[in-house]
>>> print(open('data38.cif').read())   # mmCIF, C-alpha atoms and all ligand atoms
data_model
loop_
_atom_site.label_atom_id
_atom_site.label_comp_id
_atom_site.auth_asym_id
_atom_site.auth_seq_id
_atom_site.Cartn_x
_atom_site.Cartn_y
_atom_site.Cartn_z
CA MET D 217 -14.88 -25.66 15.10
CA GLU D 218 -13.19 -25.93 18.46
CA LYS D 219 -10.10 -24.44 16.84
CA PHE D 220 -12.08 -21.57 15.37
CA GLN D 221 -13.70 -20.86 18.74
CA LYS D 222 -10.22 -20.63 20.28
CA VAL D 223 -9.33 -18.00 17.68
CA VAL D 224 -12.52 -16.05 18.43
CA ASP D 225 -11.87 -16.20 22.19
CA PHE D 226 -8.30 -15.05 21.76
CA ILE D 227 -9.27 -12.12 19.55
CA LYS D 228 -12.07 -10.99 21.89
CA GLU D 229 -9.56 -11.03 24.77
CA GLN D 230 -7.33 -8.65 22.84
CA TYR D 231 -10.14 -6.15 22.37
CA PRO D 232 -12.15 -6.50 25.62
CA ASP D 233 -14.14 -3.27 25.17
CA LYS D 234 -15.53 -4.19 21.74
CA ASP D 235 -18.82 -6.02 21.05
CA PHE D 236 -17.82 -6.35 17.44
CA VAL D 237 -14.11 -6.52 16.67
CA SER D 238 -13.38 -4.87 13.34
CA LEU D 239 -10.35 -5.46 11.16
CA HIS D 240 -8.55 -2.18 11.75
CA GLU D 241 -9.97 0.85 13.52
CA PRO D 242 -8.10 4.12 13.83
CA VAL D 243 -7.18 5.48 17.26
CA PHE D 244 -6.70 9.17 18.05
CA ILE D 245 -4.83 9.29 21.32
CA GLY D 246 -2.10 11.85 20.66
CA ASN D 247 -2.10 15.46 19.48
CA GLU D 248 -4.86 14.97 16.89
CA ARG D 249 -7.43 17.30 18.49
CA LYS D 250 -4.86 19.93 19.33
CA TYR D 251 -3.40 20.12 15.82
CA VAL D 252 -6.76 20.02 14.03
CA LEU D 253 -8.13 22.85 16.19
CA ASP D 254 -4.93 24.76 15.60
CA ALA D 255 -5.37 24.35 11.84
CA ILE D 256 -8.95 25.65 12.12
CA ASP D 257 -7.86 28.61 14.23
CA SER D 258 -5.17 29.46 11.69
CA THR D 259 -7.91 29.61 8.97
CA PHE D 260 -5.51 27.70 6.72
CA VAL D 261 -7.70 24.65 6.32
CA SER D 262 -7.12 24.06 2.64
CA SER D 263 -4.14 23.11 0.54
CA VAL D 264 -1.67 25.64 1.92
CA GLY D 265 -0.59 25.63 5.55
CA ALA D 266 2.06 24.87 8.11
CA TYR D 267 0.90 21.29 8.70
CA VAL D 268 1.25 20.39 5.04
CA ASN D 269 4.88 21.49 5.15
CA ARG D 270 5.47 19.74 8.46
CA PHE D 271 3.87 16.54 7.19
CA GLU D 272 6.13 16.57 4.14
CA GLU D 273 9.20 17.06 6.34
CA MET D 274 8.13 14.25 8.66
CA MET D 275 7.59 11.86 5.74
CA ALA D 276 10.99 12.68 4.24
CA GLU D 277 12.65 12.14 7.59
CA LEU D 278 10.82 8.88 8.30
CA THR D 279 11.51 7.32 4.90
CA GLY D 280 14.94 8.80 4.27
CA ALA D 281 13.77 10.11 0.90
CA LYS D 282 15.01 13.56 -0.12
CA TYR D 283 11.52 14.82 -0.95
CA ALA D 284 7.98 14.05 0.16
CA ILE D 285 4.86 15.60 -1.35
CA ALA D 286 1.49 15.54 0.39
CA ILE D 287 -1.31 14.22 -1.83
CA VAL D 288 -5.07 14.11 -1.30
CA ASN D 289 -5.17 10.29 -1.19
CA GLY D 290 -3.14 7.22 -2.04
CA THR D 291 -4.95 6.42 -5.28
CA ASN D 292 -4.27 9.87 -6.70
CA ALA D 293 -0.68 9.69 -5.43
CA LEU D 294 -0.30 6.51 -7.51
CA HIS D 295 -1.83 8.18 -10.55
CA LEU D 296 0.57 11.08 -10.16
CA ALA D 297 3.52 8.73 -9.60
CA LEU D 298 2.81 6.99 -12.90
CA LEU D 299 2.56 10.35 -14.69
CA LEU D 300 5.91 11.34 -13.20
CA ALA D 301 7.37 7.99 -14.22
CA ASN D 302 6.48 9.08 -17.75
CA VAL D 303 3.90 6.38 -18.32
CA LYS D 304 1.78 7.36 -21.33
CA ALA D 305 -1.61 6.30 -22.66
CA GLU D 306 -1.26 3.02 -24.55
CA ASP D 307 1.84 2.04 -22.56
CA GLU D 308 1.80 -1.08 -20.39
CA VAL D 309 2.53 -1.33 -16.68
CA ILE D 310 3.41 -4.54 -14.85
CA SER D 311 1.85 -5.01 -11.42
CA GLN D 312 0.66 -7.94 -9.33
CA ALA D 313 -2.71 -9.67 -9.56
CA LEU D 314 -2.92 -9.82 -5.78
CA THR D 315 -3.39 -6.17 -4.88
CA PHE D 316 -6.02 -3.63 -3.89
CA ILE D 317 -8.00 -2.21 -6.82
CA ALA D 318 -6.39 1.26 -6.49
CA THR D 319 -3.13 0.00 -8.03
CA ALA D 320 -4.91 -1.19 -11.17
CA ASN D 321 -7.24 1.82 -11.31
CA ALA D 322 -4.34 4.29 -11.23
CA ILE D 323 -2.78 2.52 -14.22
CA SER D 324 -6.09 2.87 -16.05
CA TYR D 325 -6.41 6.60 -15.28
CA ILE D 326 -3.34 7.14 -17.49
CA GLY D 327 -4.94 5.15 -20.29
CA ALA D 328 -2.22 2.53 -19.84
CA LYS D 329 -2.86 -1.19 -19.71
CA ALA D 330 -1.98 -3.38 -16.74
CA ILE D 331 -0.15 -6.69 -16.91
CA PHE D 332 -0.62 -8.82 -13.80
CA ILE D 333 2.10 -11.19 -12.67
CA ASP D 334 2.48 -13.53 -9.72
CA VAL D 335 3.50 -12.89 -6.12
CA ASP D 336 5.79 -14.82 -3.78
CA ARG D 337 4.13 -17.00 -1.16
CA GLU D 338 6.41 -15.82 1.60
CA THR D 339 6.07 -12.06 0.98
CA LEU D 340 2.62 -11.89 -0.71
CA GLY D 341 4.22 -9.22 -2.91
CA MET D 342 5.51 -9.20 -6.49
CA SER D 343 7.81 -12.09 -7.26
CA PRO D 344 11.13 -11.02 -8.83
CA THR D 345 11.34 -14.47 -10.44
CA ALA D 346 7.92 -13.99 -12.03
CA LEU D 347 9.00 -10.54 -13.25
CA ARG D 348 12.22 -11.84 -14.78
CA ASN D 349 10.48 -14.79 -16.40
CA PHE D 350 7.72 -12.60 -17.80
CA LEU D 351 10.16 -10.13 -19.32
CA GLU D 352 12.43 -12.83 -20.74
CA ALA D 353 9.48 -14.59 -22.38
CA ASN D 354 7.52 -11.54 -23.51
CA ALA D 355 9.71 -8.47 -23.85
CA ILE D 356 12.48 -7.11 -26.04
CA LYS D 357 14.91 -4.32 -25.26
CA LYS D 358 14.94 -1.27 -27.48
CA GLU D 359 16.92 1.94 -27.19
CA ASP D 360 14.23 3.74 -25.20
CA GLY D 361 13.13 0.85 -23.00
CA ALA D 362 11.37 -2.50 -22.94
CA TYR D 363 8.62 -3.49 -25.38
CA ASN D 364 6.05 -6.24 -25.24
CA LYS D 365 6.68 -8.61 -28.16
CA LYS D 366 3.04 -9.64 -28.33
CA THR D 367 1.40 -6.20 -28.32
CA GLY D 368 4.27 -4.05 -29.58
CA LYS D 369 3.66 -1.65 -26.70
CA LYS D 370 6.14 -0.10 -24.34
CA ILE D 371 6.38 -1.54 -20.83
CA ALA D 372 6.86 1.77 -19.08
CA ALA D 373 6.72 0.90 -15.38
CA VAL D 374 6.72 -1.88 -12.81
CA VAL D 375 4.53 -1.39 -9.72
CA PRO D 376 5.12 -3.89 -6.90
CA MET D 377 2.96 -3.64 -3.79
CA HIS D 378 3.99 -4.44 -0.20
CA THR D 379 0.94 -6.49 0.71
CA PHE D 380 -0.47 -5.92 4.24
CA GLY D 381 2.79 -4.14 5.12
CA PHE D 382 5.06 -7.13 4.38
CA PRO D 383 7.96 -5.89 2.23
CA CYS D 384 8.36 -7.74 -1.07
CA LYS D 385 11.80 -8.48 -2.56
CA VAL D 386 12.01 -4.99 -3.96
CA ASP D 387 15.83 -4.92 -4.14
CA GLU D 388 15.78 -7.73 -6.72
CA ILE D 389 12.89 -6.09 -8.54
CA ALA D 390 14.90 -2.84 -8.71
CA ILE D 391 17.85 -4.70 -10.30
CA ILE D 392 15.58 -6.27 -12.95
CA CYS D 393 13.99 -2.88 -13.69
CA ASP D 394 17.47 -1.39 -14.19
CA GLU D 395 18.47 -4.20 -16.52
CA TRP D 396 15.38 -3.68 -18.62
CA ASN D 397 15.33 0.11 -18.35
CA ILE D 398 11.85 0.16 -16.82
CA CYS D 399 10.78 2.69 -14.20
CA LEU D 400 10.08 1.29 -10.72
CA VAL D 401 7.15 2.80 -8.79
CA GLU D 402 6.51 1.31 -5.34
CA ASP D 403 2.96 1.05 -4.08
CA SER D 404 3.82 1.35 -0.39
CA ALA D 405 0.28 2.36 0.53
CA GLU D 406 0.11 -0.40 3.17
CA SER D 407 3.68 -0.35 4.39
CA ILE D 408 4.34 2.83 6.32
CA GLY D 409 6.75 1.87 9.10
CA SER D 410 7.90 -1.26 7.21
CA TYR D 411 11.58 -1.67 6.36
CA TYR D 412 13.47 -3.86 3.95
CA GLN D 413 17.21 -4.38 4.38
CA GLY D 414 17.19 -1.49 6.82
CA LYS D 415 15.60 0.94 4.37
CA HIS D 416 12.05 2.22 4.54
CA THR D 417 9.75 0.80 1.87
CA GLY D 418 9.07 3.24 -0.95
CA VAL D 419 12.69 4.33 -1.51
CA PHE D 420 13.84 1.51 -3.80
CA GLY D 421 12.49 2.91 -7.07
CA LYS D 422 12.04 6.28 -8.73
CA VAL D 423 8.91 7.09 -6.74
CA GLY D 424 7.11 5.59 -3.73
CA VAL D 425 3.53 6.14 -2.71
CA PHE D 426 1.70 6.00 0.65
CA SER D 427 -1.92 6.09 1.81
CA PHE D 428 -3.39 7.57 4.98
CA ASN D 429 -6.91 6.28 4.51
CA GLY D 430 -8.99 5.51 7.61
CA ASN D 431 -8.14 1.81 7.63
CA LYS D 432 -4.37 2.20 7.29
CA THR D 433 -1.74 2.09 10.08
CA VAL D 434 -1.57 5.90 10.14
CA THR D 435 -4.61 7.86 9.01
CA CYS D 436 -5.67 11.44 8.40
CA GLY D 437 -9.17 10.64 7.20
CA GLY D 438 -8.03 10.60 3.62
CA GLY D 439 -4.55 11.33 2.43
CA GLY D 440 -1.53 10.22 0.50
CA ALA D 441 2.11 10.99 -0.05
CA LEU D 442 4.67 10.61 -2.78
CA ILE D 443 8.38 10.28 -2.04
CA THR D 444 11.38 10.59 -4.33
CA ASP D 445 15.08 11.47 -4.34
CA ASP D 446 14.76 13.22 -7.69
CA GLU D 447 14.47 16.99 -7.40
CA THR D 448 12.93 17.45 -10.86
CA ILE D 449 10.24 14.86 -10.09
CA ALA D 450 9.55 16.45 -6.70
CA LYS D 451 9.10 19.88 -8.27
CA ARG D 452 6.85 18.51 -11.01
CA ALA D 453 4.83 16.65 -8.37
CA LYS D 454 4.11 19.87 -6.46
CA HIS D 455 3.35 21.70 -9.66
CA LEU D 456 0.97 19.10 -11.08
CA THR D 457 -0.88 18.62 -7.79
CA THR D 458 -1.65 22.34 -7.60
CA GLN D 459 -3.34 22.75 -11.01
CA ALA D 460 0.04 23.46 -12.63
CA LYS D 461 -0.25 27.12 -11.71
CA VAL D 462 2.76 29.24 -12.53
CA PRO D 463 3.74 30.99 -9.29
CA HIS D 464 2.86 34.68 -9.45
CA LYS D 465 1.50 37.26 -7.02
CA TRP D 466 -1.74 37.83 -8.89
CA GLU D 467 -1.70 36.26 -12.36
CA PHE D 468 -3.59 33.03 -12.91
CA VAL D 469 -1.56 31.24 -15.54
CA HIS D 470 -1.21 27.47 -15.89
CA ASP D 471 1.32 25.75 -18.10
CA HIS D 472 0.12 22.15 -18.09
CA ILE D 473 -2.99 20.04 -17.46
CA GLY D 474 -2.87 20.00 -13.70
CA TYR D 475 -4.71 18.30 -10.89
CA ASN D 476 -6.25 19.32 -7.59
CA TYR D 477 -4.40 16.59 -5.74
CA ARG D 478 -3.00 18.40 -2.69
CA MET D 479 -3.75 17.32 0.84
CA PRO D 480 -5.74 19.92 2.82
CA ASN D 481 -3.96 21.41 5.84
CA LEU D 482 -6.79 20.12 8.04
CA ASN D 483 -5.95 16.54 7.09
CA ALA D 484 -2.23 17.23 7.32
CA ALA D 485 -2.74 18.35 10.94
CA LEU D 486 -4.26 14.97 11.70
CA ALA D 487 -1.49 13.23 9.75
CA CYS D 488 1.26 14.98 11.75
CA ALA D 489 -0.30 13.94 15.05
CA GLN D 490 -0.66 10.35 13.84
CA LEU D 491 2.87 10.15 12.43
CA GLU D 492 4.22 11.16 15.85
CA GLN D 493 2.73 7.89 17.13
CA LEU D 494 3.82 5.64 14.28
CA SER D 495 6.53 3.74 16.14
CA MET D 496 4.19 3.24 19.09
CA PHE D 497 1.46 1.94 16.77
CA VAL D 498 3.87 -0.43 15.05
CA GLU D 499 5.29 -1.76 18.33
CA ASN D 500 1.76 -2.35 19.65
CA LYS D 501 0.87 -4.21 16.46
CA ARG D 502 4.05 -6.28 16.55
CA VAL D 503 3.27 -7.46 20.08
CA LEU D 504 -0.13 -8.63 18.84
CA SER D 505 1.49 -10.42 15.88
CA ALA D 506 3.87 -12.25 18.19
CA LYS D 507 0.90 -13.42 20.27
CA TYR D 508 -0.96 -14.48 17.13
CA ASN D 509 2.12 -16.37 16.04
CA THR D 510 2.15 -18.39 19.26
CA LEU D 511 -1.58 -19.07 19.09
CA PHE D 512 -1.57 -20.22 15.46
CA ASN D 513 1.48 -22.40 16.08
CA GLU D 514 -0.45 -24.18 18.81
CA LEU D 515 -3.49 -24.55 16.56
CA SER D 516 -1.40 -25.66 13.54
CA ILE D 517 -2.81 -22.86 11.39
CA SER D 518 -0.34 -21.12 9.11
CA PHE D 519 0.32 -17.50 10.18
CA ILE D 520 2.07 -15.05 7.86
CA GLY D 521 5.25 -13.74 9.48
CA GLU D 522 7.63 -11.07 8.27
CA PRO D 523 9.94 -12.07 5.40
CA VAL D 524 13.73 -12.34 5.86
CA ASN D 525 15.62 -9.03 5.90
CA ALA D 526 12.39 -7.22 6.63
CA LYS D 527 10.72 -5.44 9.52
CA ALA D 528 6.99 -5.37 8.87
CA ASN D 529 4.44 -2.98 10.32
CA TYR D 530 1.96 -5.91 10.44
CA TRP D 531 -0.75 -3.60 9.13
CA LEU D 532 -3.09 -6.54 8.61
CA ASN D 533 -2.32 -9.93 10.09
CA ALA D 534 -3.11 -12.88 7.86
CA ILE D 535 -3.51 -16.62 8.14
CA LEU D 536 -3.70 -19.36 5.54
CA LEU D 537 -6.42 -22.00 5.90
CA ALA D 538 -6.12 -25.48 4.42
CA ASP D 539 -8.28 -24.83 1.36
CA LEU D 540 -11.16 -22.77 -0.01
CA ASP D 541 -13.81 -24.70 1.94
CA GLN D 542 -12.02 -24.26 5.24
CA ARG D 543 -11.41 -20.59 4.43
CA ASN D 544 -15.13 -20.06 3.88
CA GLU D 545 -16.02 -21.96 7.05
CA PHE D 546 -13.63 -19.78 9.03
CA LEU D 547 -15.03 -16.56 7.53
CA GLU D 548 -18.58 -17.67 8.30
CA TYR D 549 -17.80 -18.78 11.84
CA THR D 550 -15.79 -15.73 12.96
CA ASN D 551 -18.01 -13.07 11.40
CA ASP D 552 -21.05 -14.75 13.00
CA LYS D 553 -19.37 -14.51 16.39
CA GLY D 554 -18.67 -10.78 16.11
CA VAL D 555 -15.08 -10.97 14.89
CA MET D 556 -14.47 -9.39 11.53
CA THR D 557 -12.36 -11.44 9.17
CA ARG D 558 -11.96 -10.98 5.44
CA PRO D 559 -10.64 -12.88 2.44
CA VAL D 560 -7.99 -11.26 0.29
CA TRP D 561 -9.12 -9.03 -2.61
CA GLU D 562 -10.45 -10.76 -5.70
CA LEU D 563 -7.48 -11.12 -8.06
CA MET D 564 -7.38 -8.16 -10.46
CA ASN D 565 -7.55 -10.31 -13.61
CA ARG D 566 -10.83 -11.81 -12.38
CA LEU D 567 -12.56 -8.43 -12.33
CA PRO D 568 -14.54 -7.50 -15.46
CA MET D 569 -12.53 -4.31 -16.13
CA PHE D 570 -9.24 -6.18 -16.15
CA ALA D 571 -10.32 -9.57 -17.46
CA ASN D 572 -8.53 -9.06 -20.78
CA CYS D 573 -5.19 -8.02 -19.26
CA GLN D 574 -2.12 -10.15 -19.89
CA THR D 575 -1.02 -12.33 -16.93
CA ASP D 576 1.42 -15.12 -16.17
CA ASP D 577 0.19 -18.39 -14.62
CA LEU D 578 -0.50 -16.62 -11.27
CA LYS D 579 0.07 -19.92 -9.49
CA ASN D 580 0.85 -18.47 -6.06
CA SER D 581 -1.76 -15.72 -6.33
CA ILE D 582 -4.51 -18.25 -6.97
CA TRP D 583 -3.23 -20.51 -4.20
CA ILE D 584 -3.16 -17.59 -1.73
CA ALA D 585 -6.55 -16.21 -2.79
CA ASP D 586 -8.15 -19.57 -1.96
CA ARG D 587 -6.68 -19.71 1.54
CA LEU D 588 -5.83 -16.31 2.98
CA VAL D 589 -7.91 -14.55 5.61
CA ASN D 590 -7.15 -11.24 7.33
CA ILE D 591 -7.85 -11.10 11.05
CA PRO D 592 -8.29 -8.12 13.42
CA SER D 593 -5.08 -6.13 13.65
CA GLY D 594 -5.88 -2.70 15.08
CA TYR D 595 -4.12 -0.93 17.92
CA ARG D 596 -5.00 -2.42 21.29
CA VAL D 597 -5.65 0.12 24.03
CA LYS D 598 -4.15 -1.45 27.14
C1 LIG D 601 -5.14 1.88 0.44
C2 LIG D 601 -4.42 1.53 -0.81
C3 LIG D 601 -4.28 2.43 -1.88
C4 LIG D 601 -5.06 3.70 -2.03
O1 LIG D 601 -5.11 4.56 -1.05
P1 LIG D 601 -6.33 5.57 -0.80
O2 LIG D 601 -5.70 6.55 0.11
O3 LIG D 601 -7.42 4.79 -0.18
O4 LIG D 601 -6.72 6.18 -2.09
C5 LIG D 601 -3.49 2.08 -2.95
N1 LIG D 601 -2.88 0.89 -3.01
C6 LIG D 601 -3.02 -0.01 -2.04
C7 LIG D 601 -2.32 -1.31 -2.17
C8 LIG D 601 -3.80 0.26 -0.91
O5 LIG D 601 -3.95 -0.66 0.04
#
>>> encode(input="data38.cif", output="structure tokens")
Amino acid sequence: MEKFQKVVDFIKEQYPDKDFVSLHEPVFIGNERKYVLDAIDSTFVSSVGAYVNRFEEMMAELTGAKYAIAIVNGTNALHLALLLANVKAEDEVISQALTFIATANAISYIGAKAIFIDVDRETLGMSPTALRNFLEANAIKKEDGAYNKKTGKKIAAVVPMHTFGFPCKVDEIAIICDEWNICLVEDSAESIGSYYQGKHTGVFGKVGVFSFNGNKTVTCGGGGALITDDETIAKRAKHLTTQAKVPHKWEFVHDHIGYNYRMPNLNAALACAQLEQLSMFVENKRVLSAKYNTLFNELSISFIGEPVNAKANYWLNAILLADLDQRNEFLEYTNDKGVMTRPVWELMNRLPMFANCQTDDLKNSIWIADRLVNIPSGYRVK
């Protein structure tokens, strides 16, 4: 308990003006008010407006992708990404069991079925070894892609997720996807400002997806983005997010089932102001992570650091306790003392909606789920 009290004291010192320290609060200390008021004054508050265009340019520039499309939120961006990856109802999509529910939900929106495989302990993201092993044991190659030997269904996409902003080994995953002719869609919802081998996360596959929800590193209330280098996909993305309306001065004609998935200009204004501060946010968070690293070294508690070849945004810092009992003790102790801590999401295959999905042994996922706790990670106002 003495150890846990030291953690509580340390965290309270980092956030001296807070009675209750939450996991990740947004801060609006840049041009947020100015841009939002400007959007209101312009009367373009909805899905067309200068900030939407600017946001898309900023996202393309940040990530190095050729195209970025503003989307109403990250979950819908994932749904759209899977549509653009040509995933069809009845297809199968491989993702990781250790992820936020949105990844699995988006797969379900298509009518596709998820397969959940294991993560690496050092990245917390999809394990390329698990992916290769799964495919070698369960899939066969056909002319138009990979098929699951057991179900006879097409494995249409692989969706790795960069957990808490720590890049997974997405270069190796991309190679495996190429070998098996499976489309790679990156769920980079948590990893804005995170780089792998010098490249921004989200650019390793056909499509990458981001979230700007209130708890993320950069927020616009609610928002998402899709990035791609493929011009056809980018055009289809814009088209499908705007009800698939055929451009015309006055005619209302639609040529496809479309979606109202565009980000309102009001939110884009907020997003632009926040994106301007991204590198400052990330640097601030990295200083905190370095301090956490020192503290947890002293206390002999395992702290998750950035993987090799990666620069992480440290969206949510995480520690690993000795076992499930100690994890629960820690959660109880810290939350009682006004410091918010949280276990990792329940593994997807343990949820009733996904209980009958195919999985591998999920050895690391289960091990991590028993031990991992997220600790306060928000921007510290100095
Ligand atoms: C936040 C998040 C999303 C969804 O984003 P929303 O903008 O909240 O819809 C998707 N995937 C992961 C892994 C996330 O953490």
>>> residues_near_ligand(input="data38.cif", ligand="ligand LIG 601 (chain D)", cutoff="7 Å", atoms="all atoms listed in the file", output="number ranges by chain")
D: 289-292, 315-316, 318-319, 377, 379, 403-406, 427-429, 432, 438-440
>>> closest_residue(input="data38.cif", among="D:Cys393, D:Leu400, D:Val309, D:Val264", to="Ile371 in chain D", atoms="all atoms listed in the file")
D:Val309
>>> residues_around(input="data38.cif", residues="range 513-525 of chain D", least_positions_apart="2", cutoff="8 Å", atoms="only C-alpha atoms", output="PyMOL selection string")
chain D and resi 219+338-339+382-384+412-414+508-511+527-528+530+533-537
>>> atom_distance(input="data38.cif", atom1="CA of Val375 in chain D", atom2="CA of Ser581 in chain D")
16.0 Å
>>> residues_around(input="data38.cif", residues="His240 in chain D", least_positions_apart="5", cutoff="12 Å", atoms="all atoms listed in the file", output="short mmCIF file (atom, residue, chain, number, x, y, z; two decimals) with C-alpha atoms, in the frame of the given file")
data_model
loop_
_atom_site.label_atom_id
_atom_site.label_comp_id
_atom_site.auth_asym_id
_atom_site.auth_seq_id
_atom_site.Cartn_x
_atom_site.Cartn_y
_atom_site.Cartn_z
CA TYR D 231 -10.14 -6.15 22.37
CA PHE D 380 -0.47 -5.92 4.24
CA ASN D 429 -6.91 6.28 4.51
CA GLY D 430 -8.99 5.51 7.61
CA ASN D 431 -8.14 1.81 7.63
CA LYS D 432 -4.37 2.20 7.29
CA THR D 433 -1.74 2.09 10.08
CA VAL D 434 -1.57 5.90 10.14
CA THR D 435 -4.61 7.86 9.01
CA PHE D 497 1.46 1.94 16.77
CA LYS D 501 0.87 -4.21 16.46
CA TYR D 530 1.96 -5.91 10.44
CA TRP D 531 -0.75 -3.60 9.13
CA LEU D 532 -3.09 -6.54 8.61
CA ASN D 533 -2.32 -9.93 10.09
CA VAL D 555 -15.08 -10.97 14.89
CA MET D 556 -14.47 -9.39 11.53
CA THR D 557 -12.36 -11.44 9.17
CA ARG D 558 -11.96 -10.98 5.44
CA ASN D 590 -7.15 -11.24 7.33
CA ILE D 591 -7.85 -11.10 11.05
CA PRO D 592 -8.29 -8.12 13.42
CA SER D 593 -5.08 -6.13 13.65
CA GLY D 594 -5.88 -2.70 15.08
CA TYR D 595 -4.12 -0.93 17.92
CA ARG D 596 -5.00 -2.42 21.29
#
>>> atom_distance(input="data38.cif", atom1="CA of Gln221 in chain D", atom2="CA of Glu241 in chain D")
22.6 Å
>>> residues_around(input="data38.cif", residues="Lys358 in chain D", least_positions_apart="2", cutoff="10 Å", atoms="all atoms listed in the file", output="number ranges by chain")
D: 355-356, 360-363, 370, 396-397
>>> atom_distance(input="data38.cif", atom1="CA of Glu562 in chain D", atom2="CA of Leu578 in chain D")
12.8 Å
>>> closest_residue(input="data38.cif", among="D:Trp466, D:Phe332, D:Tyr411, D:Phe420", to="Lys579 in chain D", atoms="all atoms listed in the file")
D:Phe332
>>> decode(input="data38.cif", residues="range 457-462 of chain D", atoms="all heavy atoms", output="tab-separated table (two decimals), in the first residue's frame")
chain	number	residue	atom	x	y	z
D	457	THR	N	-19.66	9.67	-47.91
D	457	THR	CA	-19.93	10.37	-46.64
D	457	THR	C	-20.94	11.49	-46.82
D	457	THR	O	-21.46	12.04	-45.85
D	457	THR	CB	-18.66	10.98	-46.02
D	457	THR	OG1	-17.99	11.76	-47.01
D	457	THR	CG2	-17.73	9.92	-45.48
D	458	THR	N	-21.21	11.87	-48.07
D	458	THR	CA	-22.15	12.96	-48.33
D	458	THR	C	-23.38	12.44	-49.06
D	458	THR	O	-23.83	13.02	-50.04
D	458	THR	CB	-21.47	14.07	-49.15
D	458	THR	OG1	-20.82	13.45	-50.28
D	458	THR	CG2	-20.41	14.80	-48.36
D	459	GLN	N	-23.93	11.32	-48.58
D	459	GLN	CA	-25.16	10.73	-49.10
D	459	GLN	C	-25.06	10.32	-50.57
D	459	GLN	O	-26.07	10.15	-51.24
D	459	GLN	CB	-26.36	11.70	-48.93
D	459	GLN	CG	-26.59	12.19	-47.52
D	459	GLN	CD	-27.31	11.20	-46.63
D	459	GLN	OE1	-27.25	10.00	-46.86
D	459	GLN	NE2	-27.96	11.69	-45.59
D	460	ALA	N	-23.84	10.18	-51.06
D	460	ALA	CA	-23.62	9.76	-52.45
D	460	ALA	C	-24.42	10.63	-53.43
D	460	ALA	O	-25.02	10.13	-54.39
D	460	ALA	CB	-23.93	8.28	-52.63
D	461	LYS	N	-24.40	11.92	-53.18
D	461	LYS	CA	-25.12	12.84	-54.06
D	461	LYS	C	-24.26	13.16	-55.28
D	461	LYS	O	-23.07	13.44	-55.15
D	461	LYS	CB	-25.43	14.13	-53.30
D	461	LYS	CG	-26.24	15.12	-54.12
D	461	LYS	CD	-26.53	16.40	-53.32
D	461	LYS	CE	-27.29	17.40	-54.15
D	461	LYS	NZ	-26.52	17.93	-55.29
D	462	VAL	N	-24.87	13.07	-56.43
D	462	VAL	CA	-24.16	13.42	-57.66
D	462	VAL	C	-24.07	14.94	-57.73
D	462	VAL	O	-25.11	15.61	-57.65
D	462	VAL	CB	-24.90	12.84	-58.89
D	462	VAL	CG1	-24.16	13.19	-60.18
D	462	VAL	CG2	-25.08	11.33	-58.75
